[in-house]
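Undergrad: Sharing a structure, written as structure tokens. Questions coming.
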Protein chains: 2
Amino acid sequence: MGKLSHMSAGEVGQAERRSGALLDHLARRMRLRSESVLAPLGLRPRHLVALTVLRTSGDISQQALAGTLQIDGTNVVGLLNDLEAEGLVERKRSAEDRRRHVVSMTETGTKRLREAECALATVENDVLSALSPVERETLYELLCRAASAPVTCAEAAAEGDPDSSC
Amino acid sequence: MGKLSHMSAGEVGQAERRSGALLDHLARRMRLRSESVLAPLGLRPRHLVALTVLRTSGDISQQALAGTLQIDGTNVVGLLNDLEAEGLVERKRSAEDRRRHVVSMTETGTKRLREAECALATVENDVLSALSPVERETLYELLCRAASAPVTCAEAAAEGDPDSSC
DNA sequence: TATTGTTATACTCTATAACTATA
DNA sequence: TATAGTTATAGAGTATAACAATA
């Protein structure tokens, strides 16, 4: 309060209503709790993120996957090595451009992802305990839609693409 | 599809509707983009998370802050060193228990946080471009409420508190 | 003796640079 | 020459362990 009291609630409120830090905070809590639940399934939180993205995107090149996940291409290699070793994804040389590896989820991968998500119900219940079932559903839908939007040029540039055409 | 076609949409849908990975994914995209915007203000995304939590919690011990942020106490030290050097927070010895440092936001800190959040409007617009203003407002409120909930015993235990009484 | 905060250190994660193969 | 992927390596981030002050 104090010196800020000359501002209307609206002025302050608009600036304060930013989701970034909250998103970071909640994601961290969820991720930490998830680790122990996912360990028995041989998965780490990052694997789940990759599988979740792959389920939505379908077959995709490693570079495109790096772009969507916003992680460096070199890290995609290790990530896919893990998933492929478990038989959850497949890498196949593209017929059109033999430099490319087309990444696709296997049936085992789809099944494992589903198992993992099932096991994570408890974690989500704890971390989102303040929300009602309907609100959790709303949250899921909003996150899902936001996450499905393509990565913008500005984001790609921030990742280190100076030749970006925008 | 294929072998899964014997399952009802509901069965699959329930398991698949987990927010954890989406939260992780979106938080990452937001965080990466935020860095360049926050840099001119001398802040990093993690500083913003800490300030956001401090604004809600009010005066708090370093240990309690570590618990809420779910980061190690040793890392709180460095985090607060940064923020204190910029004059955004203060550490004061507690009168009741002189082992404790009571952390509080300064007026400068409150102001800087507001500036940062204001500057982050563009980032949020980009990352949440798929959502309408009303939906973004809904998302903010849900995140805010979920984040305000106290850290559960299970979460505290996962952080390494074997003597937790639950 | 137990707890709060700090420092020193080791580990994990992520990014940068050099290499192979395809185009 | 440029691009997709891989490997090796260095830098940033995070946690574990030992220490000082206070309870």
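If you're wondering about the labels, chains in the structure tokens are A, B, ... by order shown, residues count from 1 in each chain, ligands from 1 in order shown.
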Determine, for each residue of chain D having at least one atom at most 12 Å from an atom of chain B, the closest pair of atoms and their separation in Å to one decimal, counting only C-alpha atoms (C1' of nucleotides); order by chain and ascending number, as a tab-separated table.

TA:
```
residue	atom	partner	partner_atom	distance
D:DG13	C1'	B:Asn75	CA	9.9
D:DT14	C1'	B:Asn75	CA	7.7
D:DA15	C1'	B:Asp72	CA	7.1
D:DT16	C1'	B:Thr74	CA	10.1
D:DA17	C1'	B:Thr74	CA	11.5
D:DA20	C1'	B:Arg99	CA	11.0
D:DA21	C1'	B:Arg99	CA	7.1
D:DT22	C1'	B:Arg99	CA	5.3
D:DA23	C1'	B:Asp97	CA	7.6
```

Undergrad: Once chain B has been least-squares superposed onto chain A, matching all their Cα atoms in order, can you return it as a compact mmCIF listing (two decimals) with N, CA and C atoms, in the first residue's frame?

TA:
```
# COMPACT_ATOMS: atom_id res chain seq x y z
N MET B 1 0.49 -1.10 -0.07
CA MET B 1 -0.32 0.13 -0.16
C MET B 1 0.60 1.35 -0.09
N GLY B 2 0.30 2.27 0.79
CA GLY B 2 1.16 3.44 0.96
C GLY B 2 1.20 4.33 -0.27
N LYS B 3 2.40 4.51 -0.81
CA LYS B 3 2.61 5.41 -1.94
C LYS B 3 1.85 4.99 -3.20
N LEU B 4 1.35 3.78 -3.17
CA LEU B 4 0.66 3.29 -4.37
C LEU B 4 -0.83 3.62 -4.36
N SER B 5 -1.28 4.16 -3.24
CA SER B 5 -2.72 4.34 -3.07
C SER B 5 -3.32 5.34 -4.05
N HIS B 6 -2.46 6.11 -4.76
CA HIS B 6 -3.02 7.03 -5.73
C HIS B 6 -3.39 6.34 -7.03
N MET B 7 -2.94 5.06 -7.17
CA MET B 7 -3.28 4.32 -8.38
C MET B 7 -4.61 3.62 -8.18
N SER B 8 -5.35 3.53 -9.26
CA SER B 8 -6.60 2.80 -9.18
C SER B 8 -6.29 1.31 -9.15
N ALA B 9 -7.24 0.55 -8.64
CA ALA B 9 -7.04 -0.90 -8.58
C ALA B 9 -6.84 -1.45 -9.99
N GLY B 10 -7.55 -0.86 -10.94
CA GLY B 10 -7.45 -1.32 -12.31
C GLY B 10 -6.05 -1.18 -12.87
N GLU B 11 -5.43 -0.01 -12.65
CA GLU B 11 -4.09 0.21 -13.18
C GLU B 11 -3.10 -0.81 -12.65
N VAL B 12 -3.12 -0.98 -11.34
CA VAL B 12 -2.21 -1.94 -10.74
C VAL B 12 -2.58 -3.34 -11.19
N GLY B 13 -3.86 -3.64 -11.14
CA GLY B 13 -4.33 -4.98 -11.46
C GLY B 13 -3.90 -5.44 -12.84
N GLN B 14 -4.02 -4.60 -13.84
CA GLN B 14 -3.64 -4.99 -15.19
C GLN B 14 -2.19 -5.44 -15.26
N ALA B 15 -1.31 -4.66 -14.66
CA ALA B 15 0.12 -4.99 -14.73
C ALA B 15 0.41 -6.27 -13.96
N GLU B 16 -0.27 -6.43 -12.83
CA GLU B 16 0.04 -7.57 -11.97
C GLU B 16 -0.47 -8.89 -12.53
N ARG B 17 -1.46 -8.82 -13.37
CA ARG B 17 -2.09 -10.06 -13.81
C ARG B 17 -1.31 -10.76 -14.92
N ARG B 18 -0.11 -11.20 -14.59
CA ARG B 18 0.73 -11.91 -15.56
C ARG B 18 0.87 -13.36 -15.14
N SER B 19 0.69 -14.24 -16.11
CA SER B 19 0.67 -15.66 -15.81
C SER B 19 2.04 -16.32 -15.81
N GLY B 20 3.04 -15.65 -16.40
CA GLY B 20 4.35 -16.27 -16.58
C GLY B 20 4.94 -16.88 -15.32
N ALA B 21 5.09 -16.07 -14.27
CA ALA B 21 5.72 -16.55 -13.05
C ALA B 21 4.90 -17.65 -12.39
N LEU B 22 3.59 -17.52 -12.45
CA LEU B 22 2.71 -18.53 -11.85
C LEU B 22 2.85 -19.86 -12.58
N LEU B 23 2.93 -19.75 -13.90
CA LEU B 23 3.11 -20.92 -14.74
C LEU B 23 4.41 -21.63 -14.36
N ASP B 24 5.46 -20.85 -14.24
CA ASP B 24 6.77 -21.37 -13.87
C ASP B 24 6.69 -22.09 -12.52
N HIS B 25 6.07 -21.40 -11.58
CA HIS B 25 5.97 -21.87 -10.21
C HIS B 25 5.20 -23.20 -10.13
N LEU B 26 4.04 -23.23 -10.73
CA LEU B 26 3.20 -24.43 -10.70
C LEU B 26 3.84 -25.59 -11.46
N ALA B 27 4.43 -25.27 -12.61
CA ALA B 27 5.06 -26.31 -13.42
C ALA B 27 6.18 -26.97 -12.62
N ARG B 28 6.92 -26.17 -11.88
CA ARG B 28 8.00 -26.72 -11.06
C ARG B 28 7.48 -27.68 -10.00
N ARG B 29 6.44 -27.24 -9.29
CA ARG B 29 5.87 -28.07 -8.24
C ARG B 29 5.36 -29.39 -8.82
N MET B 30 4.69 -29.29 -9.95
CA MET B 30 4.15 -30.48 -10.60
C MET B 30 5.30 -31.39 -11.05
N ARG B 31 6.30 -30.82 -11.62
CA ARG B 31 7.42 -31.60 -12.15
C ARG B 31 8.17 -32.35 -11.05
N LEU B 32 8.44 -31.66 -9.94
CA LEU B 32 9.15 -32.30 -8.83
C LEU B 32 8.38 -33.50 -8.30
N ARG B 33 7.08 -33.30 -8.12
CA ARG B 33 6.26 -34.39 -7.60
C ARG B 33 6.14 -35.52 -8.61
N SER B 34 6.14 -35.18 -9.89
CA SER B 34 5.95 -36.20 -10.93
C SER B 34 7.11 -37.19 -10.98
N GLU B 35 8.30 -36.72 -10.67
CA GLU B 35 9.48 -37.57 -10.85
C GLU B 35 9.35 -38.93 -10.18
N SER B 36 8.93 -38.94 -8.92
CA SER B 36 8.86 -40.21 -8.20
C SER B 36 7.77 -41.12 -8.78
N VAL B 37 6.71 -40.50 -9.28
CA VAL B 37 5.61 -41.29 -9.86
C VAL B 37 6.02 -41.89 -11.21
N LEU B 38 6.81 -41.13 -11.97
CA LEU B 38 7.19 -41.59 -13.30
C LEU B 38 8.36 -42.57 -13.29
N ALA B 39 9.18 -42.50 -12.24
CA ALA B 39 10.38 -43.33 -12.16
C ALA B 39 10.10 -44.82 -12.40
N PRO B 40 9.06 -45.40 -11.74
CA PRO B 40 8.78 -46.82 -11.96
C PRO B 40 8.46 -47.15 -13.41
N LEU B 41 8.02 -46.16 -14.18
CA LEU B 41 7.69 -46.37 -15.58
C LEU B 41 8.89 -46.11 -16.49
N GLY B 42 10.03 -45.79 -15.87
CA GLY B 42 11.24 -45.53 -16.64
C GLY B 42 11.18 -44.22 -17.39
N LEU B 43 10.40 -43.29 -16.88
CA LEU B 43 10.26 -42.00 -17.56
C LEU B 43 10.65 -40.85 -16.65
N ARG B 44 11.04 -39.74 -17.25
CA ARG B 44 11.29 -38.50 -16.55
C ARG B 44 10.28 -37.48 -17.07
N PRO B 45 10.05 -36.41 -16.31
CA PRO B 45 9.08 -35.40 -16.76
C PRO B 45 9.33 -34.94 -18.18
N ARG B 46 10.58 -34.75 -18.54
CA ARG B 46 10.85 -34.25 -19.90
C ARG B 46 10.42 -35.24 -20.99
N HIS B 47 10.52 -36.54 -20.65
CA HIS B 47 10.06 -37.54 -21.61
C HIS B 47 8.56 -37.41 -21.85
N LEU B 48 7.87 -37.12 -20.77
CA LEU B 48 6.42 -36.99 -20.87
C LEU B 48 6.04 -35.77 -21.72
N VAL B 49 6.79 -34.70 -21.56
CA VAL B 49 6.53 -33.51 -22.37
C VAL B 49 6.73 -33.84 -23.84
N ALA B 50 7.82 -34.54 -24.14
CA ALA B 50 8.12 -34.90 -25.52
C ALA B 50 7.02 -35.81 -26.09
N LEU B 51 6.65 -36.82 -25.33
CA LEU B 51 5.61 -37.75 -25.80
C LEU B 51 4.28 -37.03 -26.00
N THR B 52 3.97 -36.13 -25.09
CA THR B 52 2.72 -35.37 -25.20
C THR B 52 2.70 -34.55 -26.48
N VAL B 53 3.83 -33.92 -26.78
CA VAL B 53 3.93 -33.13 -28.00
C VAL B 53 3.85 -34.03 -29.23
N LEU B 54 4.54 -35.17 -29.15
CA LEU B 54 4.53 -36.10 -30.28
C LEU B 54 3.13 -36.63 -30.58
N ARG B 55 2.38 -36.87 -29.53
CA ARG B 55 1.02 -37.37 -29.73
C ARG B 55 0.19 -36.37 -30.53
N THR B 56 0.39 -35.10 -30.22
CA THR B 56 -0.35 -34.05 -30.92
C THR B 56 0.18 -33.82 -32.33
N SER B 57 1.51 -33.79 -32.45
CA SER B 57 2.10 -33.40 -33.73
C SER B 57 2.06 -34.52 -34.76
N GLY B 58 2.11 -35.77 -34.29
CA GLY B 58 2.26 -36.87 -35.23
C GLY B 58 3.69 -36.92 -35.71
N ASP B 59 3.96 -37.66 -36.81
CA ASP B 59 5.32 -37.80 -37.31
C ASP B 59 5.95 -36.45 -37.58
N ILE B 60 7.21 -36.33 -37.21
CA ILE B 60 7.86 -35.02 -37.22
C ILE B 60 9.37 -35.20 -37.26
N SER B 61 10.07 -34.24 -37.86
CA SER B 61 11.53 -34.32 -37.91
C SER B 61 12.11 -33.90 -36.55
N GLN B 62 13.36 -34.28 -36.31
CA GLN B 62 13.97 -33.94 -35.03
C GLN B 62 14.10 -32.43 -34.87
N GLN B 63 14.41 -31.75 -35.94
CA GLN B 63 14.53 -30.29 -35.89
C GLN B 63 13.20 -29.64 -35.53
N ALA B 64 12.16 -30.11 -36.18
CA ALA B 64 10.83 -29.56 -35.90
C ALA B 64 10.44 -29.81 -34.45
N LEU B 65 10.83 -30.99 -33.97
CA LEU B 65 10.53 -31.33 -32.58
C LEU B 65 11.28 -30.39 -31.65
N ALA B 66 12.54 -30.12 -31.98
CA ALA B 66 13.34 -29.19 -31.18
C ALA B 66 12.67 -27.82 -31.16
N GLY B 67 12.16 -27.41 -32.30
CA GLY B 67 11.49 -26.11 -32.40
C GLY B 67 10.24 -26.05 -31.54
N THR B 68 9.46 -27.10 -31.60
CA THR B 68 8.22 -27.12 -30.83
C THR B 68 8.50 -27.19 -29.32
N LEU B 69 9.45 -28.04 -28.95
CA LEU B 69 9.78 -28.19 -27.54
C LEU B 69 10.60 -27.00 -27.03
N GLN B 70 11.13 -26.22 -27.99
CA GLN B 70 11.99 -25.11 -27.63
C GLN B 70 13.21 -25.57 -26.84
N ILE B 71 13.76 -26.69 -27.27
CA ILE B 71 15.03 -27.12 -26.69
C ILE B 71 16.03 -27.28 -27.81
N ASP B 72 17.30 -27.29 -27.47
CA ASP B 72 18.34 -27.37 -28.47
C ASP B 72 18.29 -28.71 -29.19
N GLY B 73 18.62 -28.70 -30.49
CA GLY B 73 18.59 -29.92 -31.29
C GLY B 73 19.49 -31.01 -30.72
N THR B 74 20.58 -30.61 -30.14
CA THR B 74 21.51 -31.61 -29.58
C THR B 74 20.86 -32.38 -28.43
N ASN B 75 19.99 -31.71 -27.70
CA ASN B 75 19.33 -32.37 -26.58
C ASN B 75 18.22 -33.30 -27.03
N VAL B 76 17.68 -33.02 -28.20
CA VAL B 76 16.66 -33.90 -28.76
C VAL B 76 17.26 -35.29 -29.00
N VAL B 77 18.50 -35.30 -29.42
CA VAL B 77 19.18 -36.58 -29.67
C VAL B 77 19.14 -37.48 -28.44
N GLY B 78 19.60 -36.95 -27.31
CA GLY B 78 19.61 -37.74 -26.09
C GLY B 78 18.22 -38.14 -25.63
N LEU B 79 17.31 -37.21 -25.77
CA LEU B 79 15.92 -37.45 -25.37
C LEU B 79 15.34 -38.61 -26.18
N LEU B 80 15.56 -38.57 -27.49
CA LEU B 80 15.03 -39.63 -28.35
C LEU B 80 15.77 -40.95 -28.15
N ASN B 81 17.07 -40.87 -27.83
CA ASN B 81 17.81 -42.10 -27.51
C ASN B 81 17.14 -42.82 -26.35
N ASP B 82 16.78 -42.07 -25.32
CA ASP B 82 16.08 -42.66 -24.17
C ASP B 82 14.78 -43.32 -24.60
N LEU B 83 13.97 -42.54 -25.32
CA LEU B 83 12.64 -43.02 -25.70
C LEU B 83 12.72 -44.19 -26.68
N GLU B 84 13.70 -44.15 -27.56
CA GLU B 84 13.84 -45.23 -28.54
C GLU B 84 14.34 -46.51 -27.86
N ALA B 85 15.23 -46.34 -26.89
CA ALA B 85 15.75 -47.50 -26.15
C ALA B 85 14.61 -48.23 -25.44
N GLU B 86 13.63 -47.48 -25.01
CA GLU B 86 12.46 -48.08 -24.35
C GLU B 86 11.41 -48.53 -25.36
N GLY B 87 11.66 -48.28 -26.62
CA GLY B 87 10.73 -48.69 -27.66
C GLY B 87 9.48 -47.84 -27.73
N LEU B 88 9.58 -46.60 -27.24
CA LEU B 88 8.40 -45.74 -27.20
C LEU B 88 8.26 -44.88 -28.45
N VAL B 89 9.39 -44.64 -29.13
CA VAL B 89 9.35 -43.91 -30.39
C VAL B 89 10.25 -44.62 -31.40
N GLU B 90 10.07 -44.25 -32.67
CA GLU B 90 10.90 -44.80 -33.74
C GLU B 90 11.52 -43.66 -34.55
N ARG B 91 12.75 -43.90 -35.00
CA ARG B 91 13.37 -42.96 -35.93
C ARG B 91 13.51 -43.66 -37.27
N LYS B 92 12.94 -43.05 -38.32
CA LYS B 92 13.07 -43.62 -39.66
C LYS B 92 13.60 -42.55 -40.61
N ARG B 93 14.55 -42.96 -41.45
CA ARG B 93 15.07 -42.04 -42.46
C ARG B 93 13.93 -41.62 -43.38
N SER B 94 13.85 -40.34 -43.65
CA SER B 94 12.83 -39.85 -44.56
C SER B 94 13.17 -40.28 -45.99
N ALA B 95 12.17 -40.70 -46.75
CA ALA B 95 12.40 -41.13 -48.12
C ALA B 95 12.69 -39.92 -49.01
N GLU B 96 12.00 -38.80 -48.73
CA GLU B 96 12.17 -37.60 -49.56
C GLU B 96 13.52 -36.93 -49.34
N ASP B 97 13.90 -36.84 -48.09
CA ASP B 97 15.18 -36.20 -47.75
C ASP B 97 15.90 -37.09 -46.76
N ARG B 98 16.88 -37.82 -47.27
CA ARG B 98 17.50 -38.84 -46.44
C ARG B 98 18.35 -38.27 -45.30
N ARG B 99 18.45 -36.96 -45.19
CA ARG B 99 19.13 -36.39 -44.03
C ARG B 99 18.21 -36.44 -42.81
N ARG B 100 16.94 -36.41 -43.08
CA ARG B 100 15.97 -36.31 -41.98
C ARG B 100 15.61 -37.65 -41.34
N HIS B 101 15.42 -37.58 -40.04
CA HIS B 101 14.84 -38.71 -39.31
C HIS B 101 13.40 -38.35 -38.98
N VAL B 102 12.49 -39.18 -39.41
CA VAL B 102 11.10 -38.97 -39.06
C VAL B 102 10.82 -39.69 -37.74
N VAL B 103 10.42 -38.92 -36.75
CA VAL B 103 10.16 -39.50 -35.43
C VAL B 103 8.67 -39.80 -35.29
N SER B 104 8.37 -41.00 -34.84
CA SER B 104 6.96 -41.34 -34.63
C SER B 104 6.81 -42.17 -33.36
N MET B 105 5.67 -42.01 -32.72
CA MET B 105 5.40 -42.80 -31.52
C MET B 105 5.04 -44.22 -31.92
N THR B 106 5.49 -45.17 -31.12
CA THR B 106 5.09 -46.55 -31.35
C THR B 106 3.81 -46.80 -30.57
N GLU B 107 3.25 -47.98 -30.78
CA GLU B 107 2.06 -48.35 -30.03
C GLU B 107 2.39 -48.44 -28.54
N THR B 108 3.59 -48.99 -28.27
CA THR B 108 4.05 -49.07 -26.88
C THR B 108 4.14 -47.68 -26.27
N GLY B 109 4.64 -46.72 -27.06
CA GLY B 109 4.77 -45.35 -26.58
C GLY B 109 3.43 -44.74 -26.21
N THR B 110 2.46 -44.95 -27.09
CA THR B 110 1.12 -44.43 -26.83
C THR B 110 0.55 -45.01 -25.54
N LYS B 111 0.78 -46.31 -25.39
CA LYS B 111 0.27 -47.02 -24.22
C LYS B 111 0.97 -46.52 -22.95
N ARG B 112 2.30 -46.40 -23.03
CA ARG B 112 3.08 -45.97 -21.86
C ARG B 112 2.70 -44.56 -21.44
N LEU B 113 2.50 -43.70 -22.43
CA LEU B 113 2.10 -42.32 -22.12
C LEU B 113 0.78 -42.32 -21.37
N ARG B 114 -0.14 -43.16 -21.83
CA ARG B 114 -1.45 -43.22 -21.18
C ARG B 114 -1.31 -43.72 -19.75
N GLU B 115 -0.47 -44.74 -19.55
CA GLU B 115 -0.23 -45.26 -18.20
C GLU B 115 0.33 -44.17 -17.29
N ALA B 116 1.29 -43.45 -17.84
CA ALA B 116 1.94 -42.39 -17.06
C ALA B 116 0.93 -41.34 -16.65
N GLU B 117 0.12 -40.94 -17.59
CA GLU B 117 -0.87 -39.90 -17.30
C GLU B 117 -1.86 -40.37 -16.26
N CYS B 118 -2.18 -41.65 -16.32
CA CYS B 118 -3.08 -42.24 -15.36
C CYS B 118 -2.45 -42.19 -13.96
N ALA B 119 -1.17 -42.54 -13.90
CA ALA B 119 -0.45 -42.55 -12.62
C ALA B 119 -0.29 -41.15 -12.05
N LEU B 120 -0.34 -40.16 -12.92
CA LEU B 120 -0.12 -38.78 -12.48
C LEU B 120 -1.38 -38.14 -11.91
N ALA B 121 -2.46 -38.86 -11.91
CA ALA B 121 -3.72 -38.30 -11.41
C ALA B 121 -3.56 -37.80 -9.97
N THR B 122 -2.89 -38.59 -9.15
CA THR B 122 -2.70 -38.22 -7.75
C THR B 122 -1.90 -36.93 -7.61
N VAL B 123 -0.84 -36.84 -8.39
CA VAL B 123 0.00 -35.64 -8.35
C VAL B 123 -0.83 -34.42 -8.70
N GLU B 124 -1.59 -34.54 -9.77
CA GLU B 124 -2.40 -33.40 -10.21
C GLU B 124 -3.43 -33.04 -9.16
N ASN B 125 -4.00 -34.05 -8.53
CA ASN B 125 -4.97 -33.78 -7.47
C ASN B 125 -4.35 -32.98 -6.33
N ASP B 126 -3.12 -33.33 -5.99
CA ASP B 126 -2.44 -32.63 -4.90
C ASP B 126 -2.10 -31.20 -5.29
N VAL B 127 -1.43 -31.06 -6.43
CA VAL B 127 -0.93 -29.73 -6.81
C VAL B 127 -2.08 -28.78 -7.15
N LEU B 128 -3.15 -29.34 -7.73
CA LEU B 128 -4.28 -28.49 -8.10
C LEU B 128 -5.42 -28.61 -7.10
N SER B 129 -5.07 -28.93 -5.86
CA SER B 129 -6.09 -29.19 -4.84
C SER B 129 -7.03 -28.01 -4.62
N ALA B 130 -6.56 -26.80 -4.93
CA ALA B 130 -7.39 -25.62 -4.71
C ALA B 130 -8.47 -25.46 -5.77
N LEU B 131 -8.38 -26.26 -6.84
CA LEU B 131 -9.34 -26.11 -7.93
C LEU B 131 -10.36 -27.25 -7.92
N SER B 132 -11.57 -26.93 -8.31
CA SER B 132 -12.62 -27.94 -8.43
C SER B 132 -12.39 -28.76 -9.69
N PRO B 133 -13.01 -29.93 -9.78
CA PRO B 133 -12.89 -30.76 -11.00
C PRO B 133 -13.22 -29.97 -12.27
N VAL B 134 -14.26 -29.19 -12.22
CA VAL B 134 -14.64 -28.41 -13.39
C VAL B 134 -13.55 -27.41 -13.74
N GLU B 135 -13.00 -26.77 -12.72
CA GLU B 135 -11.94 -25.77 -12.95
C GLU B 135 -10.69 -26.43 -13.52
N ARG B 136 -10.39 -27.64 -13.03
CA ARG B 136 -9.21 -28.36 -13.55
C ARG B 136 -9.42 -28.68 -15.02
N GLU B 137 -10.64 -29.04 -15.36
CA GLU B 137 -10.97 -29.33 -16.75
C GLU B 137 -10.77 -28.08 -17.60
N THR B 138 -11.25 -26.95 -17.07
CA THR B 138 -11.10 -25.68 -17.78
C THR B 138 -9.62 -25.36 -17.96
N LEU B 139 -8.86 -25.53 -16.90
CA LEU B 139 -7.42 -25.26 -16.97
C LEU B 139 -6.77 -26.13 -18.03
N TYR B 140 -7.11 -27.42 -18.03
CA TYR B 140 -6.53 -28.33 -19.03
C TYR B 140 -6.82 -27.85 -20.44
N GLU B 141 -8.05 -27.47 -20.68
CA GLU B 141 -8.43 -27.07 -22.03
C GLU B 141 -7.70 -25.80 -22.47
N LEU B 142 -7.57 -24.86 -21.54
CA LEU B 142 -6.87 -23.62 -21.86
C LEU B 142 -5.40 -23.91 -22.16
N LEU B 143 -4.77 -24.71 -21.32
CA LEU B 143 -3.36 -25.05 -21.51
C LEU B 143 -3.17 -25.78 -22.83
N CYS B 144 -4.08 -26.70 -23.09
CA CYS B 144 -4.00 -27.51 -24.30
C CYS B 144 -4.05 -26.63 -25.53
N ARG B 145 -4.98 -25.71 -25.54
CA ARG B 145 -5.13 -24.85 -26.70
C ARG B 145 -3.93 -23.92 -26.85
N ALA B 146 -3.50 -23.34 -25.72
CA ALA B 146 -2.35 -22.42 -25.76
C ALA B 146 -1.09 -23.16 -26.24
N ALA B 147 -0.93 -24.40 -25.77
CA ALA B 147 0.27 -25.17 -26.12
C ALA B 147 0.25 -25.62 -27.57
N SER B 148 -0.94 -25.76 -28.13
CA SER B 148 -1.05 -26.25 -29.51
C SER B 148 -0.74 -25.18 -30.54
N ALA B 149 -0.80 -23.93 -30.09
CA ALA B 149 -0.52 -22.83 -31.01
C ALA B 149 0.92 -22.93 -31.49
N PRO B 150 1.16 -22.62 -32.78
CA PRO B 150 2.52 -22.71 -33.30
C PRO B 150 3.43 -21.71 -32.62
N VAL B 151 4.70 -22.07 -32.51
CA VAL B 151 5.70 -21.17 -31.93
C VAL B 151 5.86 -19.96 -32.84
N THR B 152 5.76 -18.79 -32.27
CA THR B 152 5.81 -17.57 -33.09
C THR B 152 7.22 -17.28 -33.57
N CYS B 153 7.31 -16.38 -34.53
CA CYS B 153 8.60 -15.98 -35.07
C CYS B 153 9.49 -15.42 -33.98
N ALA B 154 8.91 -14.60 -33.13
CA ALA B 154 9.68 -13.97 -32.06
C ALA B 154 10.29 -15.03 -31.16
N GLU B 155 9.51 -16.08 -30.92
CA GLU B 155 10.03 -17.15 -30.07
C GLU B 155 11.17 -17.88 -30.76
N ALA B 156 10.98 -18.17 -32.05
CA ALA B 156 12.02 -18.85 -32.80
C ALA B 156 13.30 -18.01 -32.80
N ALA B 157 13.13 -16.69 -32.96
CA ALA B 157 14.28 -15.79 -32.97
C ALA B 157 15.00 -15.80 -31.62
N ALA B 158 14.21 -15.82 -30.55
CA ALA B 158 14.79 -15.83 -29.22
C ALA B 158 15.63 -17.07 -29.00
N GLU B 159 15.30 -18.13 -29.76
CA GLU B 159 16.03 -19.38 -29.62
C GLU B 159 17.32 -19.35 -30.43
N GLY B 160 17.50 -18.30 -31.22
CA GLY B 160 18.74 -18.17 -31.95
C GLY B 160 18.60 -18.41 -33.43
N ASP B 161 17.65 -17.77 -34.05
CA ASP B 161 17.46 -17.88 -35.49
C ASP B 161 17.44 -16.47 -36.09
N PRO B 162 18.62 -15.87 -36.26
CA PRO B 162 18.71 -14.48 -36.72
C PRO B 162 18.17 -14.28 -38.12
N ASP B 163 18.12 -15.35 -38.93
CA ASP B 163 17.64 -15.20 -40.29
C ASP B 163 16.12 -15.32 -40.40
N SER B 164 15.48 -15.38 -39.26
CA SER B 164 14.03 -15.48 -39.25
C SER B 164 13.44 -14.33 -40.04
N SER B 165 12.50 -14.65 -40.91
CA SER B 165 12.03 -13.66 -41.87
C SER B 165 10.96 -12.71 -41.32
N CYS B 166 10.83 -12.56 -40.02
CA CYS B 166 9.78 -11.66 -39.54
C CYS B 166 10.32 -10.47 -38.77
```

Undergrad: Looking only at the backbone, which of the residues in region 18-104 of chain B does DSSP tag as alpha helix (DSSP H), as a PyMOL selection string?

TA: chain B and resi 20-38+45-57+62-69+73-85

Undergrad: Would you list the contacts of DA18 (chain D) as a list in words, taking every protein, DNA or RNA residue within 12 Å and counting only C-alpha atoms (C1' of nucleotides), but skipping same-chain residues closer than 6 positions in sequence?

TA: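 Near DA18 (chain D), the qualifying residues are DT6, DT7, DA8 and DT9 of chain C.
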
Undergrad: Please report the interatomic distance between C1' of DC11 (chain C) and C1' of DC19 (chain D) in Å with one decimal.

TA: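 Distance between the two atoms: 20.9 Å.
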
Undergrad: If we count only C-alpha atoms (C1' of nucleotides), which residues of chain C reach to within 9 Å of chain B? Please list them as a list of chain:residue names.

TA: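 Only these qualify: C:DT3, C:DT4, C:DG5, C:DT6.
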
Undergrad: Using backbone DSSP assignments, extract all strand (DSSP E or B) residues from chain A; output them as a count of residues only.

TA: 12
